Every structure is written in structure tokens, then in C-alpha cells.
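Novice: You'll find run-v2.cif just under this line, and it carries mmCIF, C-alpha atoms.
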```
data_work
#
loop_
_atom_site.label_atom_id
_atom_site.label_comp_id
_atom_site.auth_asym_id
_atom_site.auth_seq_id
_atom_site.Cartn_x
_atom_site.Cartn_y
_atom_site.Cartn_z
CA MET A 1 180.40 198.37 -15.75
CA SER A 2 178.02 197.90 -12.86
CA GLU A 3 175.38 200.44 -11.92
CA ASP A 4 177.30 201.21 -8.71
CA ASN A 5 180.48 201.95 -10.65
CA VAL A 6 178.62 204.26 -13.03
CA LEU A 7 177.28 206.25 -10.09
CA ILE A 8 180.71 206.36 -8.44
CA ASN A 9 182.30 207.58 -11.68
CA ILE A 10 179.68 210.32 -12.05
CA ILE A 11 180.34 211.54 -8.51
CA VAL A 12 184.12 211.34 -8.89
CA GLU A 13 184.05 213.29 -12.15
CA GLY A 14 181.90 215.97 -10.52
CA VAL A 15 184.32 216.20 -7.61
CA LYS A 16 187.27 216.51 -10.01
CA LYS A 17 185.50 219.32 -11.84
CA VAL A 18 184.91 221.27 -8.62
CA LEU A 19 188.47 220.71 -7.40
CA THR A 20 189.85 221.94 -10.73
CA GLU A 21 187.66 225.03 -10.50
CA LEU A 22 188.81 225.57 -6.92
CA GLU A 23 192.44 225.39 -8.04
CA GLU A 24 191.89 227.85 -10.90
CA ARG A 25 189.94 230.34 -8.84
CA SER A 26 192.41 230.13 -5.96
CA SER A 27 195.23 230.94 -8.37
CA GLU A 28 193.25 233.91 -9.68
CA ALA A 29 192.62 235.05 -6.10
CA LEU A 30 196.32 234.84 -5.22
CA ILE A 31 197.32 236.92 -8.23
CA ALA A 32 194.67 239.51 -7.41
CA LEU A 33 195.70 239.54 -3.75
CA GLU A 34 199.31 240.31 -4.68
CA SER A 35 198.00 243.26 -6.71
CA ALA A 36 195.81 244.43 -3.82
CA GLU A 37 192.69 243.87 -5.95
CA TYR A 38 190.58 242.77 -3.02
CA ALA A 39 187.25 242.90 -4.86
CA VAL A 40 188.66 240.51 -7.46
CA VAL A 41 189.84 238.18 -4.68
CA LEU A 42 186.35 238.17 -3.17
CA GLY A 43 184.83 237.54 -6.57
CA ALA A 44 187.17 234.63 -7.27
CA LEU A 45 186.31 233.04 -3.93
CA SER A 46 182.59 233.74 -4.15
CA GLY A 47 180.49 230.61 -4.07
CA LEU A 48 183.38 228.22 -3.51
CA GLU A 49 182.39 227.47 0.08
CA THR A 50 179.05 226.08 -1.06
CA LYS A 51 180.69 223.98 -3.77
CA ILE A 52 183.21 222.61 -1.25
CA GLN A 53 180.37 221.67 1.10
CA HIS A 54 178.54 219.81 -1.69
CA VAL A 55 181.72 217.97 -2.67
CA SER A 56 182.35 217.04 0.96
CA VAL A 57 178.87 215.54 1.26
CA ARG A 58 179.35 213.49 -1.92
CA LEU A 59 182.76 212.26 -0.81
CA THR A 60 181.42 211.36 2.62
CA ILE A 61 178.70 209.27 0.99
CA LEU A 62 181.26 207.52 -1.24
CA TYR A 63 183.46 206.85 1.78
CA GLU A 64 180.57 205.36 3.74
CA VAL A 65 179.56 203.15 0.80
CA GLN A 66 183.15 201.98 0.49
CA GLN A 67 183.29 201.16 4.19
CA LYS A 68 180.07 199.12 3.96
CA GLN A 69 181.37 197.25 0.93
CA ASN A 70 184.62 196.45 2.73
CA GLN A 71 182.68 195.16 5.73
CA GLN A 72 180.60 192.92 3.51
CA LYS A 73 183.70 191.57 1.77
CA ARG A 74 185.30 190.74 5.11
CA ARG A 75 182.15 188.93 6.23
CA ASN A 76 182.02 186.91 3.01
CA THR A 77 185.63 185.73 3.26
#
```
Kindly return the structure encoded in the file as C-alpha cells.
Specialist:
Amino acid sequence: MSEDNVLINIIVEGVKKVLTELEERSSEALIALESAEYAVVLGALSGLETKIQHVSVRLTILYEVQQKQNQQKRRNT
């Protein structure tokens, strides 16, 4: 596996982890919301915005790298 692929896999696995956490905590928040446990909803959502921002930055970088690689492939063919 190339060094680039190792880095991509590390980023992708980190993104998966955050998305799984987002799914779990959103489910918890929905259950708490239906029970009118608003403090629990806030607690479940706490910190997720920052994690989503970090994931978005990582995915944007991966997207840009992919675009550059595709451009180089087109030039080489």
C-alpha cells in the first residue's frame, strides 16, 4: 500500500468514527427530545458541531487531492 493510501485510509477511518458517533448521539437526542428531556438533548449534541467541522475539513482535503490526481491522470493519458 502506498504512503498516500495509508494516509487516506487513516482519514477515512477517522471520518467513519465521527459519523458513527454522530448517528449514535443523534439517536440519543431524538429519544430524549420525545421525552422532553431537553438537557439530555443538549448534552447529546454538545461538541458535535466541532467534530463535524473537523471532518468537513478532512474530507475537503481528500476531495481536493482526488481532483488533483484526476487532473494529472488526464494529462498523462
Novice: Of the candidates A:Val15, A:Gln69, A:Thr77, A:Ala36, which shows the shortest atom-to-atom distance to A:His54, using all atoms listed in the file?
Specialist: A:Val15
Novice: If you measure from atom CA of A:Val55 to atom CA of A:Val18, what distance in Å do you get, rounded to one decimal?
Specialist: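 Separating atom CA of A:Val55 from atom CA of A:Val18 is a distance of 7.5 Å.
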Novice: Selected by the PyMOL selection byres ((chain A and resi 19-34) around 12) in the shown coordinates: which residues, as a PyMOL selection string?
Specialist: chain A and resi 12-18+35-56
Novice: Would you mind exporting C-alpha atoms of the selected residues as an mmCIF file, in the coordinates of the input?
Specialist:
```
data_model
loop_
_atom_site.group_PDB
_atom_site.id
_atom_site.type_symbol
_atom_site.label_atom_id
_atom_site.label_comp_id
_atom_site.auth_asym_id
_atom_site.auth_seq_id
_atom_site.Cartn_x
_atom_site.Cartn_y
_atom_site.Cartn_z
ATOM 1 C CA VAL A 12 184.120 211.340 -8.890
ATOM 2 C CA GLU A 13 184.050 213.290 -12.150
ATOM 3 C CA GLY A 14 181.900 215.970 -10.520
ATOM 4 C CA VAL A 15 184.320 216.200 -7.610
ATOM 5 C CA LYS A 16 187.270 216.510 -10.010
ATOM 6 C CA LYS A 17 185.500 219.320 -11.840
ATOM 7 C CA VAL A 18 184.910 221.270 -8.620
ATOM 8 C CA SER A 35 198.000 243.260 -6.710
ATOM 9 C CA ALA A 36 195.810 244.430 -3.820
ATOM 10 C CA GLU A 37 192.690 243.870 -5.950
ATOM 11 C CA TYR A 38 190.580 242.770 -3.020
ATOM 12 C CA ALA A 39 187.250 242.900 -4.860
ATOM 13 C CA VAL A 40 188.660 240.510 -7.460
ATOM 14 C CA VAL A 41 189.840 238.180 -4.680
ATOM 15 C CA LEU A 42 186.350 238.170 -3.170
ATOM 16 C CA GLY A 43 184.830 237.540 -6.570
ATOM 17 C CA ALA A 44 187.170 234.630 -7.270
ATOM 18 C CA LEU A 45 186.310 233.040 -3.930
ATOM 19 C CA SER A 46 182.590 233.740 -4.150
ATOM 20 C CA GLY A 47 180.490 230.610 -4.070
ATOM 21 C CA LEU A 48 183.380 228.220 -3.510
ATOM 22 C CA GLU A 49 182.390 227.470 0.080
ATOM 23 C CA THR A 50 179.050 226.080 -1.060
ATOM 24 C CA LYS A 51 180.690 223.980 -3.770
ATOM 25 C CA ILE A 52 183.210 222.610 -1.250
ATOM 26 C CA GLN A 53 180.370 221.670 1.100
ATOM 27 C CA HIS A 54 178.540 219.810 -1.690
ATOM 28 C CA VAL A 55 181.720 217.970 -2.670
ATOM 29 C CA SER A 56 182.350 217.040 0.960
#
```
Novice: Please, what distance in Å, to one decimal, runs between atom CA of A:Gln71 and atom CA of A:Ile11?
Specialist: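 Interatomic distance, atom CA of A:Gln71 to atom CA of A:Ile11: 21.8 Å.
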Novice: Mind giving me the axis-aligned box for stretch 62-68 of chain A with 4 Å on every side, centre plus edges in Å to one decimal, as lines of an AutoDock Vina configuration file?
Specialist:
```
center_x = 181.5
center_y = 203.3
center_z = 1.5
size_x = 11.9
size_y = 16.4
size_z = 13.4
```
Novice: Any idea what the distance is between atom CA of A:Val6 and atom CA of A:Arg75?
Specialist: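 Straight-line distance from atom CA of A:Val6 to atom CA of A:Arg75 works out to 24.9 Å.
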Novice: Any chance you could build stretch 36-60 of chain A out to N, CA, C and O atoms and write it as an mmCIF file, in the coordinates of the input?
Specialist:
```
data_model
loop_
_atom_site.group_PDB
_atom_site.id
_atom_site.type_symbol
_atom_site.label_atom_id
_atom_site.label_comp_id
_atom_site.auth_asym_id
_atom_site.auth_seq_id
_atom_site.Cartn_x
_atom_site.Cartn_y
_atom_site.Cartn_z
ATOM 1 N N ALA A 36 196.709 243.697 -4.715
ATOM 2 C CA ALA A 36 195.810 244.430 -3.820
ATOM 3 C C ALA A 36 194.450 244.695 -4.460
ATOM 4 O O ALA A 36 193.804 245.701 -4.181
ATOM 5 N N GLU A 37 194.009 243.774 -5.319
ATOM 6 C CA GLU A 37 192.690 243.870 -5.950
ATOM 7 C C GLU A 37 191.716 243.013 -5.128
ATOM 8 O O GLU A 37 191.339 241.913 -5.507
ATOM 9 N N TYR A 38 191.335 243.542 -3.993
ATOM 10 C CA TYR A 38 190.580 242.770 -3.020
ATOM 11 C C TYR A 38 189.186 242.375 -3.515
ATOM 12 O O TYR A 38 188.694 241.297 -3.195
ATOM 13 N N ALA A 39 188.570 243.236 -4.304
ATOM 14 C CA ALA A 39 187.250 242.900 -4.860
ATOM 15 C C ALA A 39 187.362 241.708 -5.805
ATOM 16 O O ALA A 39 186.482 240.839 -5.823
ATOM 17 N N VAL A 40 188.437 241.634 -6.550
ATOM 18 C CA VAL A 40 188.660 240.510 -7.460
ATOM 19 C C VAL A 40 188.883 239.233 -6.660
ATOM 20 O O VAL A 40 188.395 238.164 -7.019
ATOM 21 N N VAL A 41 189.614 239.336 -5.560
ATOM 22 C CA VAL A 41 189.840 238.180 -4.680
ATOM 23 C C VAL A 41 188.498 237.666 -4.166
ATOM 24 O O VAL A 41 188.210 236.467 -4.234
ATOM 25 N N LEU A 42 187.670 238.567 -3.670
ATOM 26 C CA LEU A 42 186.350 238.170 -3.170
ATOM 27 C C LEU A 42 185.509 237.533 -4.272
ATOM 28 O O LEU A 42 184.834 236.533 -4.045
ATOM 29 N N GLY A 43 185.578 238.094 -5.450
ATOM 30 C CA GLY A 43 184.830 237.540 -6.570
ATOM 31 C C GLY A 43 185.297 236.140 -6.944
ATOM 32 O O GLY A 43 184.492 235.252 -7.225
ATOM 33 N N ALA A 44 186.615 235.948 -6.929
ATOM 34 C CA ALA A 44 187.170 234.630 -7.270
ATOM 35 C C ALA A 44 186.774 233.581 -6.248
ATOM 36 O O ALA A 44 186.553 232.418 -6.583
ATOM 37 N N LEU A 45 186.655 233.991 -5.003
ATOM 38 C CA LEU A 45 186.310 233.040 -3.930
ATOM 39 C C LEU A 45 184.810 232.863 -3.748
ATOM 40 O O LEU A 45 184.377 231.896 -3.112
ATOM 41 N N SER A 46 184.041 233.764 -4.328
ATOM 42 C CA SER A 46 182.590 233.740 -4.150
ATOM 43 C C SER A 46 181.983 232.416 -4.613
ATOM 44 O O SER A 46 182.234 231.944 -5.706
ATOM 45 N N GLY A 47 181.200 231.834 -3.733
ATOM 46 C CA GLY A 47 180.490 230.610 -4.070
ATOM 47 C C GLY A 47 181.273 229.322 -3.876
ATOM 48 O O GLY A 47 180.705 228.233 -3.944
ATOM 49 N N LEU A 48 182.571 229.430 -3.644
ATOM 50 C CA LEU A 48 183.380 228.220 -3.510
ATOM 51 C C LEU A 48 183.051 227.445 -2.239
ATOM 52 O O LEU A 48 183.106 226.215 -2.220
ATOM 53 N N GLU A 49 182.700 228.151 -1.184
ATOM 54 C CA GLU A 49 182.390 227.470 0.080
ATOM 55 C C GLU A 49 181.224 226.496 -0.104
ATOM 56 O O GLU A 49 181.269 225.356 0.359
ATOM 57 N N THR A 50 180.204 226.940 -0.816
ATOM 58 C CA THR A 50 179.050 226.080 -1.060
ATOM 59 C C THR A 50 179.440 224.868 -1.901
ATOM 60 O O THR A 50 179.026 223.742 -1.616
ATOM 61 N N LYS A 51 180.249 225.092 -2.913
ATOM 62 C CA LYS A 51 180.690 223.980 -3.770
ATOM 63 C C LYS A 51 181.526 222.990 -2.969
ATOM 64 O O LYS A 51 181.397 221.778 -3.140
ATOM 65 N N ILE A 52 182.378 223.495 -2.087
ATOM 66 C CA ILE A 52 183.210 222.610 -1.250
ATOM 67 C C ILE A 52 182.319 221.797 -0.323
ATOM 68 O O ILE A 52 182.552 220.596 -0.126
ATOM 69 N N GLN A 53 181.293 222.404 0.234
ATOM 70 C CA GLN A 53 180.370 221.670 1.100
ATOM 71 C C GLN A 53 179.669 220.551 0.338
ATOM 72 O O GLN A 53 179.543 219.431 0.839
ATOM 73 N N HIS A 54 179.213 220.831 -0.878
ATOM 74 C CA HIS A 54 178.540 219.810 -1.690
ATOM 75 C C HIS A 54 179.497 218.660 -2.016
ATOM 76 O O HIS A 54 179.107 217.489 -1.953
ATOM 77 N N VAL A 55 180.727 219.001 -2.363
ATOM 78 C CA VAL A 55 181.720 217.970 -2.670
ATOM 79 C C VAL A 55 182.008 217.130 -1.431
ATOM 80 O O VAL A 55 182.129 215.902 -1.513
ATOM 81 N N SER A 56 182.089 217.770 -0.290
ATOM 82 C CA SER A 56 182.350 217.040 0.960
ATOM 83 C C SER A 56 181.241 216.047 1.257
ATOM 84 O O SER A 56 181.509 214.914 1.673
ATOM 85 N N VAL A 57 180.007 216.449 1.029
ATOM 86 C CA VAL A 57 178.870 215.540 1.260
ATOM 87 C C VAL A 57 178.973 214.342 0.323
ATOM 88 O O VAL A 57 178.827 213.194 0.745
ATOM 89 N N ARG A 58 179.242 214.590 -0.942
ATOM 90 C CA ARG A 58 179.350 213.490 -1.920
ATOM 91 C C ARG A 58 180.485 212.542 -1.555
ATOM 92 O O ARG A 58 180.330 211.314 -1.618
ATOM 93 N N LEU A 59 181.615 213.103 -1.180
ATOM 94 C CA LEU A 59 182.760 212.260 -0.810
ATOM 95 C C LEU A 59 182.488 211.469 0.463
ATOM 96 O O LEU A 59 182.913 210.315 0.581
ATOM 97 N N THR A 60 181.778 212.069 1.391
ATOM 98 C CA THR A 60 181.420 211.360 2.620
ATOM 99 C C THR A 60 180.524 210.169 2.300
ATOM 100 O O THR A 60 180.704 209.073 2.838
#
```
